[in-house]
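Data file: coords_30.txt. Format and content: compact mmCIF, C-alpha atoms.
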```
# COMPACT_ATOMS: atom_id res chain seq x y z
CA MET A 872 139.00 48.60 169.03
CA LYS A 873 135.22 48.36 168.84
CA LYS A 874 135.36 44.64 167.98
CA ILE A 875 137.74 43.97 170.92
CA LEU A 876 135.34 45.64 173.34
CA GLN A 877 132.37 43.72 171.92
CA LEU A 878 134.23 40.42 172.36
CA SER A 879 135.06 41.39 175.93
CA ILE A 880 131.39 42.09 176.59
CA LEU A 881 130.46 38.73 175.13
CA GLY A 882 132.97 37.10 177.46
CA ILE A 883 131.37 38.81 180.44
CA LEU A 884 127.95 37.52 179.39
CA ILE A 885 129.26 33.96 179.03
CA ALA A 886 131.00 34.15 182.40
CA SER A 887 127.85 35.49 184.06
CA CYS A 888 125.55 32.91 182.53
CA GLY A 889 128.08 30.10 182.31
CA SER A 890 128.24 26.62 183.77
CA GLY A 891 127.72 27.74 187.34
CA ALA A 892 124.52 29.55 186.50
CA GLY A 893 123.44 26.68 184.30
CA ASP A 894 123.93 24.17 187.15
CA SER A 895 121.98 26.44 189.43
CA VAL A 896 119.08 26.65 186.98
CA ALA A 897 119.18 22.88 186.52
CA SER A 898 119.08 22.30 190.23
CA VAL A 899 116.16 24.69 190.66
CA LEU A 900 114.27 22.92 187.90
CA GLU A 901 114.95 19.54 189.51
CA GLY A 902 113.47 20.80 192.77
CA LYS A 903 110.15 21.49 190.95
CA ASP A 904 109.41 24.37 193.34
CA VAL A 905 107.36 26.95 191.42
CA GLU A 906 108.23 29.83 193.74
CA ALA A 907 111.93 29.00 193.56
CA ILE A 908 111.78 28.83 189.75
CA ARG A 909 110.05 32.21 189.59
CA ALA A 910 112.59 33.73 191.97
CA LYS A 911 115.47 32.39 189.85
CA ARG A 912 113.86 33.77 186.67
CA THR A 913 113.50 37.21 188.29
CA SER A 914 117.13 37.12 189.41
CA ILE A 915 118.38 36.25 185.94
CA ASN A 916 116.22 39.00 184.32
CA GLN A 917 117.72 41.56 186.70
CA GLU A 918 121.22 40.39 185.82
CA LEU A 919 120.40 40.67 182.07
CA LYS A 920 119.06 44.19 182.44
CA ALA A 921 122.18 45.21 184.34
CA LEU A 922 124.35 43.75 181.60
CA GLU A 923 122.28 45.48 178.88
CA ASN A 924 122.81 48.82 180.63
CA GLN A 925 126.53 48.14 180.77
CA VAL A 926 126.50 47.30 177.04
CA LYS A 927 124.79 50.62 176.28
CA LEU A 928 127.43 52.48 178.27
CA LEU A 929 130.19 50.66 176.42
CA ASP A 930 128.52 51.39 173.05
CA SER A 931 128.35 55.08 173.94
CA ALA A 932 132.00 55.06 174.91
CA ILE A 933 132.92 53.29 171.65
CA ALA A 934 130.94 55.82 169.61
CA GLU A 935 132.64 58.68 171.41
CA LEU A 936 136.21 57.37 171.42
CA ASP A 937 136.46 55.36 168.22
CA ASP A 938 137.09 57.72 165.30
CA ASN A 939 136.62 54.84 162.89
CA ALA A 940 133.07 54.00 164.07
CA LYS A 941 130.57 53.83 161.22
CA LEU A 942 127.59 56.18 161.64
CA PRO A 943 124.10 55.19 160.40
CA LEU A 944 123.38 56.71 157.00
CA VAL A 945 120.00 58.46 156.78
CA SER A 946 117.95 60.72 154.51
CA THR A 947 115.90 63.57 155.93
CA LEU A 948 112.89 65.64 154.95
CA LYS A 949 112.44 69.22 156.06
CA VAL A 950 108.77 69.64 156.99
CA ALA A 951 106.86 72.80 156.10
CA SER A 952 103.20 73.73 156.55
CA GLN A 953 101.02 73.49 153.47
CA GLU A 954 97.38 73.28 152.44
CA PHE A 955 95.81 69.90 153.17
CA ASN A 956 92.41 68.71 151.92
CA HIS A 957 90.99 65.44 153.18
CA TYR A 958 88.34 63.63 151.16
CA LEU A 959 85.72 61.15 152.29
CA GLU A 960 85.39 58.53 149.55
CA LEU A 961 81.94 56.99 149.04
CA GLN A 962 80.11 55.05 146.36
CA GLY A 963 76.82 56.37 145.00
CA ASP A 964 74.42 56.28 142.07
CA VAL A 965 73.33 58.83 139.50
CA MET A 966 69.72 59.88 139.96
CA THR A 967 67.20 62.16 138.29
CA ASP A 968 63.81 63.32 139.53
CA GLN A 969 62.60 63.52 135.94
CA ASN A 970 62.55 59.84 135.05
CA VAL A 971 58.89 58.87 134.85
CA LEU A 972 56.46 56.45 133.30
CA VAL A 973 53.58 58.16 131.50
CA TYR A 974 50.14 56.56 132.03
CA PRO A 975 46.87 57.19 130.16
CA GLU A 976 44.13 59.09 132.02
CA MET A 977 41.24 57.39 130.23
CA ALA A 978 40.42 53.99 128.76
CA GLY A 979 40.41 53.47 125.03
CA THR A 980 42.43 52.49 121.99
CA LEU A 981 45.69 54.23 121.09
CA THR A 982 44.70 55.69 117.75
CA ARG A 983 47.98 57.52 117.12
CA VAL A 984 51.52 57.45 118.55
CA TYR A 985 53.42 60.55 117.44
CA VAL A 986 56.90 59.88 118.86
CA LYS A 987 59.56 57.16 118.78
CA ASP A 988 62.35 55.89 121.03
CA GLY A 989 65.15 58.39 121.60
CA GLN A 990 63.16 61.38 120.37
CA ARG A 991 63.61 64.64 122.26
CA VAL A 992 60.29 66.22 123.30
CA SER A 993 59.20 69.47 124.93
CA LYS A 994 56.93 69.94 127.91
CA GLY A 995 53.27 69.67 126.83
CA GLN A 996 54.08 68.10 123.46
CA LEU A 997 51.46 65.65 122.15
CA LEU A 998 52.80 62.09 122.41
CA ALA A 999 49.77 59.97 121.59
CA SER A 1000 45.98 60.09 121.13
CA ILE A 1001 43.32 57.78 122.55
CA ASP A 1002 39.96 57.09 120.90
CA ASP A 1003 37.59 59.44 122.74
CA GLY A 1004 34.52 57.26 122.19
CA GLY A 1005 32.45 60.09 120.68
CA LEU A 1006 33.28 62.72 123.29
CA SER A 1007 34.42 65.19 120.62
CA SER A 1008 30.99 64.95 118.91
CA GLN A 1009 29.26 65.51 122.22
CA LEU A 1010 31.46 68.51 122.86
CA ALA A 1011 30.55 70.00 119.49
CA GLN A 1012 26.82 69.65 120.29
CA MET A 1013 27.33 71.15 123.73
CA LYS A 1014 29.16 74.14 122.24
CA THR A 1015 26.23 74.70 119.87
CA GLN A 1016 23.86 74.63 122.83
CA LEU A 1017 26.21 77.01 124.66
CA ASP A 1018 26.06 79.49 121.77
CA LEU A 1019 22.23 79.37 121.87
CA ALA A 1020 22.20 79.81 125.67
CA LYS A 1021 24.58 82.74 125.37
CA THR A 1022 22.48 84.44 122.70
CA THR A 1023 19.30 83.94 124.73
CA PHE A 1024 20.96 85.32 127.86
CA GLU A 1025 22.34 88.38 126.06
CA ARG A 1026 18.92 89.22 124.56
CA GLN A 1027 17.15 88.69 127.85
CA LYS A 1028 19.74 90.89 129.56
CA ARG A 1029 19.15 93.75 127.08
CA LEU A 1030 15.40 93.53 127.69
CA TRP A 1031 15.93 93.41 131.43
CA ASP A 1032 18.17 96.49 131.25
CA GLN A 1033 15.24 98.29 129.52
CA ASN A 1034 12.85 97.08 132.23
CA ILE A 1035 11.16 94.78 129.73
CA GLY A 1036 10.22 91.27 130.73
CA SER A 1037 10.22 89.55 134.13
CA GLU A 1038 13.15 89.03 136.43
CA ILE A 1039 12.56 85.30 136.52
CA GLN A 1040 13.04 85.07 132.74
CA PHE A 1041 16.35 86.94 133.03
CA LEU A 1042 17.58 84.71 135.88
CA GLN A 1043 16.57 81.53 134.06
CA ALA A 1044 18.46 82.58 130.93
CA LYS A 1045 21.53 83.48 132.99
CA THR A 1046 21.45 80.22 134.93
CA GLN A 1047 21.07 78.14 131.79
CA TYR A 1048 23.97 79.92 130.10
CA GLU A 1049 26.31 79.51 133.08
CA ALA A 1050 25.36 75.86 133.51
CA GLN A 1051 25.98 75.12 129.83
CA GLU A 1052 29.32 76.97 129.96
CA SER A 1053 30.40 74.87 132.95
CA ALA A 1054 29.32 71.66 131.20
CA VAL A 1055 31.40 72.55 128.14
CA LYS A 1056 34.49 73.13 130.31
CA GLN A 1057 34.01 69.78 132.02
CA MET A 1058 33.64 68.03 128.66
CA GLU A 1059 36.77 69.77 127.34
CA SER A 1060 38.68 68.58 130.41
CA GLN A 1061 37.41 65.04 129.91
CA LEU A 1062 38.25 65.11 126.21
CA GLY A 1063 41.75 66.43 127.05
CA LYS A 1064 42.47 63.12 128.76
CA SER A 1065 42.37 61.43 125.38
CA SER A 1066 45.63 63.24 124.53
CA ILE A 1067 48.83 62.01 126.19
CA ARG A 1068 51.31 64.88 126.55
CA ALA A 1069 54.90 65.16 127.82
CA PRO A 1070 54.97 66.18 131.54
CA PHE A 1071 58.39 67.84 131.07
CA SER A 1072 61.06 68.33 128.42
CA GLY A 1073 63.27 65.32 127.91
CA ILE A 1074 63.91 62.22 125.82
CA VAL A 1075 61.47 59.40 125.08
CA ASP A 1076 63.45 56.52 126.50
CA ASP A 1077 60.89 53.85 125.63
CA VAL A 1078 57.60 53.61 123.71
CA ILE A 1079 55.99 50.84 125.72
CA LYS A 1080 52.57 50.54 123.99
CA ASP A 1081 52.11 50.33 120.23
CA GLN A 1082 49.48 52.08 118.18
CA GLY A 1083 46.19 50.19 118.27
CA THR A 1084 46.70 48.88 121.82
CA VAL A 1085 43.80 49.18 124.26
CA VAL A 1086 44.92 51.11 127.34
CA SER A 1087 43.36 52.17 130.62
CA PRO A 1088 44.44 54.11 133.71
CA GLY A 1089 46.31 52.22 136.42
CA PRO A 1090 49.37 49.98 136.94
CA GLY A 1091 50.54 47.97 133.96
CA SER A 1092 49.22 50.46 131.39
CA GLU A 1093 52.22 52.77 131.11
CA VAL A 1094 52.65 54.05 127.55
CA PHE A 1095 55.98 55.92 127.60
CA ARG A 1096 59.09 56.39 129.72
CA ILE A 1097 60.48 59.93 129.54
CA VAL A 1098 63.85 60.90 131.00
CA ASN A 1099 65.45 64.30 131.40
CA LEU A 1100 69.23 63.86 131.42
CA SER A 1101 70.05 67.51 131.97
CA ASN A 1102 69.13 67.67 135.67
CA MET A 1103 71.18 64.80 137.08
CA TYR A 1104 72.55 64.36 140.57
CA VAL A 1105 74.51 61.82 142.59
CA GLU A 1106 73.05 60.40 145.78
CA VAL A 1107 75.38 58.91 148.40
CA GLU A 1108 74.87 57.63 151.94
CA VAL A 1109 77.23 59.32 154.42
CA PRO A 1110 77.92 57.77 157.88
CA GLU A 1111 76.45 59.84 160.71
CA ALA A 1112 79.94 60.38 162.18
CA HIS A 1113 80.55 62.89 159.37
CA LEU A 1114 77.35 64.87 159.95
CA ALA A 1115 79.19 67.98 161.16
CA ASN A 1116 81.77 67.96 158.34
CA VAL A 1117 79.65 67.15 155.27
CA THR A 1118 77.49 70.23 154.69
CA PRO A 1119 75.98 72.04 151.67
CA GLY A 1120 78.65 73.83 149.66
CA LYS A 1121 81.45 71.33 150.34
CA SER A 1122 83.48 70.57 147.20
CA VAL A 1123 83.21 67.09 145.67
CA GLU A 1124 85.15 65.17 143.04
CA VAL A 1125 82.81 62.79 141.21
CA PHE A 1126 84.47 59.94 139.31
CA PHE A 1127 82.59 57.79 136.78
CA PRO A 1128 84.50 54.46 136.59
CA VAL A 1129 82.68 53.28 133.46
CA LEU A 1130 83.32 56.54 131.60
CA GLY A 1131 86.76 57.14 133.08
CA GLU A 1132 85.84 60.78 133.69
CA THR A 1133 85.93 63.05 136.74
CA VAL A 1134 83.84 66.19 137.31
CA THR A 1135 83.96 68.75 140.10
CA SER A 1136 80.79 69.72 141.94
CA LYS A 1137 79.50 70.75 145.37
CA VAL A 1138 77.13 69.25 147.93
CA ARG A 1139 73.68 70.62 147.11
CA GLN A 1140 71.60 69.13 149.88
CA THR A 1141 72.01 66.92 152.95
CA GLY A 1142 69.26 64.76 154.38
CA ASN A 1143 67.52 65.61 157.63
CA PHE A 1144 66.96 61.98 158.57
CA ILE A 1145 69.38 59.37 159.93
CA ASN A 1146 68.62 55.93 158.52
CA PRO A 1147 68.38 53.64 161.60
CA GLY A 1148 69.37 50.64 159.49
CA ASN A 1149 72.85 51.82 158.48
CA ARG A 1150 73.23 54.99 160.62
CA SER A 1151 73.74 57.26 157.62
CA PHE A 1152 72.15 60.27 155.94
CA SER A 1153 71.71 61.01 152.24
CA VAL A 1154 73.59 63.67 150.30
CA GLU A 1155 72.75 65.08 146.86
CA ILE A 1156 75.49 66.27 144.50
CA PRO A 1157 74.46 67.79 141.13
CA VAL A 1158 76.50 66.65 138.12
CA PRO A 1159 76.65 68.22 134.66
CA ASN A 1160 75.77 66.11 131.64
CA LYS A 1161 76.77 68.21 128.66
CA ASN A 1162 77.60 65.28 126.40
CA GLY A 1163 74.67 63.09 127.52
CA LYS A 1164 76.90 60.18 128.59
CA VAL A 1165 75.74 60.21 132.22
CA LYS A 1166 72.77 57.89 132.71
CA PRO A 1167 70.43 57.26 135.67
CA ASN A 1168 71.66 54.52 138.08
CA LEU A 1169 75.26 54.86 136.85
CA THR A 1170 77.71 53.99 139.65
CA VAL A 1171 80.09 56.74 140.76
CA ILE A 1172 82.83 57.32 143.35
CA ALA A 1173 82.26 60.60 145.20
CA LYS A 1174 85.15 62.20 147.10
CA ILE A 1175 83.69 64.76 149.50
CA ASN A 1176 86.02 67.34 151.06
CA ASP A 1177 85.19 66.89 154.76
CA TYR A 1178 88.29 68.57 156.23
CA SER A 1179 90.74 71.30 155.19
CA ASN A 1180 93.79 72.82 156.86
CA GLU A 1181 95.69 75.63 155.16
CA GLU A 1182 98.78 75.17 157.38
CA ALA A 1183 99.06 71.44 157.88
CA ILE A 1184 102.28 69.51 158.48
CA LEU A 1185 102.33 66.32 156.42
CA ILE A 1186 104.78 63.43 156.63
CA PRO A 1187 104.95 59.94 155.04
CA GLN A 1188 103.06 57.32 157.03
CA SER A 1189 105.96 54.91 156.55
CA VAL A 1190 108.27 56.88 158.89
CA VAL A 1191 105.87 56.79 161.85
CA SER A 1192 106.62 54.20 164.56
CA GLU A 1193 104.68 53.22 167.66
CA ASN A 1194 106.02 52.37 171.12
CA ALA A 1195 104.71 49.86 173.65
CA THR A 1196 102.29 52.37 175.16
CA GLY A 1197 100.66 53.17 171.80
CA GLU A 1198 102.38 56.53 171.26
CA GLN A 1199 103.46 57.45 167.73
CA TYR A 1200 106.91 58.90 167.20
CA VAL A 1201 109.44 59.90 164.55
CA TYR A 1202 113.12 60.73 164.60
CA VAL A 1203 114.41 64.20 163.77
CA THR A 1204 117.99 65.35 163.36
CA GLU A 1205 119.58 68.12 165.38
CA GLU A 1206 122.97 69.82 165.08
CA ASN A 1207 125.86 68.30 167.00
CA GLY A 1208 128.63 70.80 166.31
CA SER A 1209 129.61 69.08 163.07
CA GLU A 1210 128.37 69.75 159.55
CA SER A 1211 128.67 66.09 158.51
CA GLU A 1212 127.38 64.51 161.71
CA LEU A 1213 124.01 65.12 163.38
CA ILE A 1214 122.26 63.58 166.35
CA SER A 1215 118.89 61.79 166.18
CA LYS A 1216 116.11 62.78 168.56
CA LYS A 1217 112.86 60.90 169.18
CA LYS A 1218 109.75 63.10 168.90
CA ILE A 1219 106.37 61.92 170.21
CA ILE A 1220 103.70 63.14 167.79
CA GLU A 1221 99.92 63.25 167.53
CA LEU A 1222 98.43 62.30 164.17
CA GLY A 1223 95.35 63.64 162.40
CA LYS A 1224 93.77 62.56 159.13
CA THR A 1225 95.48 60.58 156.40
CA GLN A 1226 95.28 61.01 152.63
CA GLY A 1227 97.05 58.51 150.43
CA ASP A 1228 100.60 57.92 151.72
CA LEU A 1229 100.63 61.07 153.84
CA VAL A 1230 99.42 61.72 157.36
CA GLU A 1231 98.79 65.03 159.12
CA VAL A 1232 100.81 65.79 162.26
CA VAL A 1233 98.62 67.68 164.72
CA SER A 1234 101.32 68.20 167.36
CA GLY A 1235 104.93 67.26 168.07
CA LEU A 1236 106.59 68.76 164.98
CA SER A 1237 107.25 72.33 163.86
CA ASN A 1238 108.07 74.07 160.61
CA GLY A 1239 111.71 73.47 159.73
CA ASP A 1240 112.10 70.16 161.59
CA ASN A 1241 114.16 67.60 159.67
CA ILE A 1242 112.62 64.16 160.05
CA ILE A 1243 114.50 60.99 159.18
CA VAL A 1244 112.68 59.26 156.32
CA GLU A 1245 115.21 56.64 155.15
CA GLY A 1246 117.05 54.74 157.84
CA ALA A 1247 114.51 55.69 160.53
CA ARG A 1248 114.11 52.06 161.59
CA SER A 1249 117.80 51.62 162.28
CA VAL A 1250 118.51 54.64 164.50
CA ARG A 1251 118.08 55.23 168.22
CA ASP A 1252 117.43 58.26 170.36
CA ASN A 1253 120.51 60.51 170.86
CA GLN A 1254 122.52 58.58 168.28
CA LEU A 1255 124.99 60.19 165.90
CA VAL A 1256 123.93 59.86 162.27
CA LYS A 1257 125.23 60.94 158.90
CA VAL A 1258 122.83 62.56 156.44
CA LEU A 1259 123.25 61.46 152.83
CA ASN A 1260 120.33 63.30 151.30
CA SER A 1261 117.99 66.04 152.50
CA GLU A 1262 114.73 67.08 150.83
CA THR A 1263 112.89 70.29 151.49
CA THR A 1264 109.48 69.80 149.86
CA MET A 1265 106.55 67.42 150.22
CA ASN A 1266 103.69 67.36 147.72
CA ASN A 1267 100.18 66.72 148.99
```

So, in terms of structure tokens, how does the structure I just supplied come out?
Amino acid sequence: MKKILQLSILGILIASCGSGAGDSVASVLEGKDVEAIRAKRTSINQELKALENQVKLLDSAIAELDDNAKLPLVSTLKVASQEFNHYLELQGDVMTDQNVLVYPEMAGTLTRVYVKDGQRVSKGQLLASIDDGGLSSQLAQMKTQLDLAKTTFERQKRLWDQNIGSEIQFLQAKTQYEAQESAVKQMESQLGKSSIRAPFSGIVDDVIKDQGTVVSPGPGSEVFRIVNLSNMYVEVEVPEAHLANVTPGKSVEVFFPVLGETVTSKVRQTGNFINPGNRSFSVEIPVPNKNGKVKPNLTVIAKINDYSNEEAILIPQSVVSENATGEQYVYVTEENGSESELISKKKIIELGKTQGDLVEVVSGLSNGDNIIVEGARSVRDNQLVKVLNSETTMNN
């Protein structure tokens, strides 16, 4: 019955746009009158729209009257609210504030180097010694003079306490003792520069100068590189559009592609300056380094949780369609008085953030709605459909 009606419709179309209409179009084209051609085109479009409406009415009648009509077969998904976490994925580098070059503070020859590459050292540990050029001998003499000045001052003070001697003698002895004491401290400070010590606990990454090398303060005279691998952090540049969502305390998944490992951390600090060059701000994320595999400048992928919704409705992106006006929509099924047959309904929806193959529906759907996931492209609004399979869960 359905095929007979379709053939009848086709006959109507041929009769309407047959030889008479064709001759009319040909004659209009021969006249080469633009306005007449446009008028004819408008007339034909109106006739086509009228015929399309008649076809839709006939299709509806066929669907209603023909018991043997084949219904579209679809699969549905029952949506339910669930927790949704969106992550901003960025590339960054591993950094450490304790990665320094150690320079000498005085000129001289490296007389001893006490450490080697890869050795773990403690803060203040002696790394190397520089020839002091006789400063230690001078210090010894100055300490001897200090002892004499101290003895003289103490004796003069006892006499002065007994009202023996002049005040000027007491003051001279005191001044000489204090001056010599200050000179000894200055010499000790100067002599201390001949010892190169670790500024913090860490690992000697590189012994740059060998024993016997002449060194001096300034660029190009670095002696050691020391790195502390325990206090590492990741630094990433976040676009300014995410300024309100990326804040201290936000959870982060840090993936090390080279190591194939992922660690969980939190945003420790966000920058207070927007880089005018790339319109971004810096973010620091501490990372543990228990096994020592994480190295400075290692590339990482940081996934920062910039949005969370405990009651989000998620659907596959593949089922979302868009109409001519830019609106997104999906089809849902509603009861039609029959357990085996349902009716499809178009729902205009508003989308939120996406994560993987899923997208958040901000409005347009409710808990319990059954959306068509398979066969969605082949159904129309208010069309009878037959559900083959229905799922009730969706994993984020």

State, in Å with one decimal place, the distance from atom CA of A:Gln1040 to atom CA of A:Thr1015.
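A separation of 21.1 Å between them.
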
Restrict the calculation to only C-alpha atoms, then for each residue of stretch 1126-1215 of chain A with any atom at most 10 Å from an atom of stretch 1104-1115 of chain A give the closest atom pair and their distance in Å to one decimal, rows by chain and rising residue number, as a tab-separated table.
```
residue	atom	partner	partner_atom	distance
A:Ser1136	CA	A:Tyr1104	CA	9.9
A:Val1138	CA	A:Val1105	CA	9.5
A:Arg1139	CA	A:Tyr1104	CA	9.1
A:Gln1140	CA	A:Glu1106	CA	9.8
A:Thr1141	CA	A:Leu1114	CA	9.0
A:Gly1142	CA	A:Glu1108	CA	9.4
A:Phe1144	CA	A:Glu1111	CA	10.0
A:Ile1145	CA	A:Glu1111	CA	7.1
A:Asn1146	CA	A:Glu1111	CA	9.0
A:Asn1149	CA	A:Pro1110	CA	7.8
A:Arg1150	CA	A:Glu1111	CA	5.8
A:Ser1151	CA	A:Pro1110	CA	4.2
A:Phe1152	CA	A:Val1109	CA	5.4
A:Ser1153	CA	A:Glu1108	CA	4.6
A:Val1154	CA	A:Val1107	CA	5.4
A:Glu1155	CA	A:Glu1106	CA	4.8
A:Ile1156	CA	A:Val1105	CA	4.9
A:Pro1157	CA	A:Tyr1104	CA	4.0
A:Val1158	CA	A:Tyr1104	CA	5.2
A:Pro1159	CA	A:Tyr1104	CA	8.2
A:Asn1160	CA	A:Tyr1104	CA	9.7
A:Val1165	CA	A:Tyr1104	CA	9.9
A:Pro1167	CA	A:Tyr1104	CA	8.9
A:Asn1168	CA	A:Val1105	CA	9.0
A:Leu1169	CA	A:Val1105	CA	9.1
A:Thr1170	CA	A:Val1105	CA	9.0
A:Val1171	CA	A:Val1105	CA	7.8
A:Ile1172	CA	A:Val1107	CA	9.1
A:Ala1173	CA	A:Val1107	CA	7.8
A:Ile1175	CA	A:Val1109	CA	9.8
A:Asp1177	CA	A:His1113	CA	7.7
```

From the options A:Arg909, A:Lys1166, A:Tyr974, A:Ala1044, which residue's atoms come nearest to A:Val1129, counting all atoms listed in the file?
A:Lys1166

Option closest in space to A:Asp1002, from A:Ala1183, A:Ile1067, A:Leu929, A:Val896 [counting all atoms listed in the file]:
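Of all the options, A:Ile1067 lies closest to A:Asp1002.
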
Using only C-alpha atoms, which residue out of A:Phe955, A:Phe1095, A:Trp1031, A:Tyr1200 lies closest to A:Ala999?
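Of the candidates, the smallest distance to A:Ala999 is held by A:Phe1095.
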
When distances are computed from all atoms listed in the file, which of A:Ile908, A:Leu1259, A:Leu959, A:Leu1062 shows the smallest separation from A:Gly1246?
A:Leu1259

Give one line per residue of stretch 1047-1109 of chain A that approaches stretch 1019-1025 of chain A to at most 9 Å, naming the two atoms of the closest pair and their distance in Å to one decimal, counting all atoms listed in the file; sort by chain then ascending residue number and deliver it as CSV.
```
residue,atom,partner,partner_atom,distance
A:Gln1047,CA,A:Ala1020,CA,6.4
A:Tyr1048,CA,A:Ala1020,CA,4.8
A:Glu1049,CA,A:Ala1020,CA,8.5
A:Gln1051,CA,A:Ala1020,CA,7.3
A:Glu1052,CA,A:Lys1021,CA,8.8
```

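Residue nearest A:Lys1164, chosen from A:Met1103, A:Leu1017, A:Gly1148, A:Val1201 and counting all atoms listed in the file: A:Met1103.
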
I'd like the contact shell of A:Gly1063 - 12 Å cut-off, only C-alpha atoms, skipping same-chain residues fewer than 5 positions apart - returned as a list in words.
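Contacts, with the query itself left out: Pro975, Glu976, Met977, Gly995, Leu997, Ala999, Ser1000, Ile1001, Asp1002, Asp1003, Leu1006, Ser1007, Leu1010, Lys1056, Gln1057, Met1058 and Arg1068 of chain A.
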
One decimal, in Å: what's the spacing between atom CA of A:Glu954 and atom CA of A:Ile1184?
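A separation of 8.6 Å between them.
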